[in-house]
Each structure stands twice: as C-alpha cells, then as structure tokens.
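Here is the structure we will look at, set down as structure tokens.
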Amino acid sequence: KGDSGLSEINLLKRQVSTLEGQLRALQSSFSKYKQVIMFPNGRIVGEKIFMTSGYEGNFDSLKQRCSQAGGQLASPRNAAENAAIQQIVVLYNKSVFLGINDIQTEGRFKYLNGENIVYSNWQTGEPNNDNGVEDCVELYSSGKWNDKSCGERRLIVCEF
Ligand code: 289
Ligand code: CA
C-alpha cells in the first residue's frame with residue numbers, strides 16, 4: 001500500500017515535468033509567432049497591440065473598420081503608447097487619426113467610450129479648432145498631435 005502510494009507520486013512528478021516542458025515549448029513558439037505577426041505593421045506595448053492594415057479613410061470610416069475587426073481606433077493613454085503609434089506613422093510616412101475627439105463639447109477631448117483623455121501630446125498652438133471645424137485628432141511623424149477636420153482622410157491604426 002505504502003509502495004503504491006509512492007509510485008503514484010513519482011508518476012505525477014513525471015507528468016508535471018512533461019507538462020512543464022510542453023508549456024515552455026508553447027511559450028517559445030507563441031513568442032516567435034507574435035514577432036512574425038507584428039512584422040512590420042504592428043507594435044506591442046504592455047497588453048495593447050497597435051496595428052495598421054494600410055487603409056486610409058475619414059474618421060468615421062476608420063472607426064468603423066477598427067470596430068469591425070474587434071478593436072478600436074488607437075487611443076494612446078501614455079507616452080509609450082504614443083511612441084508606438086508614432087513608429088507606424090514614420091514607417092508609412094502618413095499621419096493617423098486617433099480614437100479621440102471633441103465632437104460632443106468643443107475643447108473637451110474624449111476617448112470613444114466618452115471618457116475624458118488622461119494623456120495628450122499637442123503640438124505647440126494646438127488644439128486651435130481652425131475655422132471652427134476641427135474635432136478629430138491626428139498624430140504627426142513627430143508624435144505630436146493636431147486637431148483636424150474629421151472628414152479628412154488619414155491612415156488607420158487600430159488597437160486590440
Ligand atoms: O485646415 C487647417 C489645417 O490644415 C491645419 O493647418 C495648420 O497646420 C494649423 O493651423 C493646424 O492647426 C490646422 O489644423
Ligand atoms: Ca488644428
């Protein structure tokens with residue numbers, strides 16, 4: 001009885017160590033697949049993934065495409081996220097629209113879920129609501145922000 005208890009423990013130990021090996025193999029192949037999938041249009045910051053498909057359109061169209069794909073328009077909440085989006089802008093040499101606007105109340109910029117923004121990186125002199133028609137936010141290759149008319153066409157970057 002005592003012996004059979006011991007051999008059962010040894011069997012379980014072997015099974016755990018096999019599973020540990022399989023987990024390590026899965027982790028290493030997962031991290032390789034992530035690298036492949038992120039090349040060259042994606043960036044990972046913490047838990048967030050930023051990705052462009054290269055599509056260009058106005059704000060509503062970009063917003064719809066990101067949401068159809070199960071994500072939302074890139075909405076940087078800190079400098080590291082802003083820098084990741086900037087890298088994509090530099091790669092494509094095209095500005096993007098962020099998931100931020102002041103459509104509801106002039107001068108009060110919010111994320112798409114209605115929350116007031118917690119981070120901003122305005123270019124000096126912005127936002128200026130030029131001609132009274134600039135409710136969306138574009139990110140330049142400098143990483144700085146400008147408020148811009150939502151009807152303009154910009155590169156898509158979604159976050160997932
Ligand atoms: O239509 C005006 C925009 O193209 C931009 O022109 C200048 O760069 C600045 O006045 C910006 O604020 C403005 O959004
Ligand atoms: Ca502006």
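Each chain in the structure tokens gets a letter, A, B, ..., in the order shown, and its residues are numbered from 1; ligands are numbered from 1 in order too.
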
Would you mind listing the residues within 7 Å of ligand 1, counting only C-alpha atoms and all ligand atoms, as a list of chain:residue names? A:Glu126, A:Pro127, A:Asn128, A:Asn129, A:Asp130, A:Glu134, A:Asn146, A:Asp147, A:Lys148

Would you pick out the contacts of Lys48 in chain A at 9 Å or less, using only C-alpha atoms, so that residues sharing its chain but fewer than 3 positions from it are not included, and give the list as a VMD selection string? chain A and resid 43 to 45 81 159 to 160

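We find CA of Asp3 in chain A and CA of Ser17 in chain A to be spaced 21.3 Å apart.
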
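All residues in range 57-138 of chain A with a DSSP state of strand (DSSP E), computed from the backbone, read A:Gly57, A:Gln72, A:Leu73, A:Val96, A:Phe97, A:Leu98, A:Gly99, A:Ile100, A:Asn101, A:Lys110, A:Tyr111, A:Cys136, A:Val137, A:Glu138.
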
Pick out the residues sitting within 6 Å of Cys158 in chain A, and hand them over as an NGL selection string; count only C-alpha atoms, and ignore anything fewer than 5 positions along from it in its own chain. :A and (50-51 or 66 or 72-74)
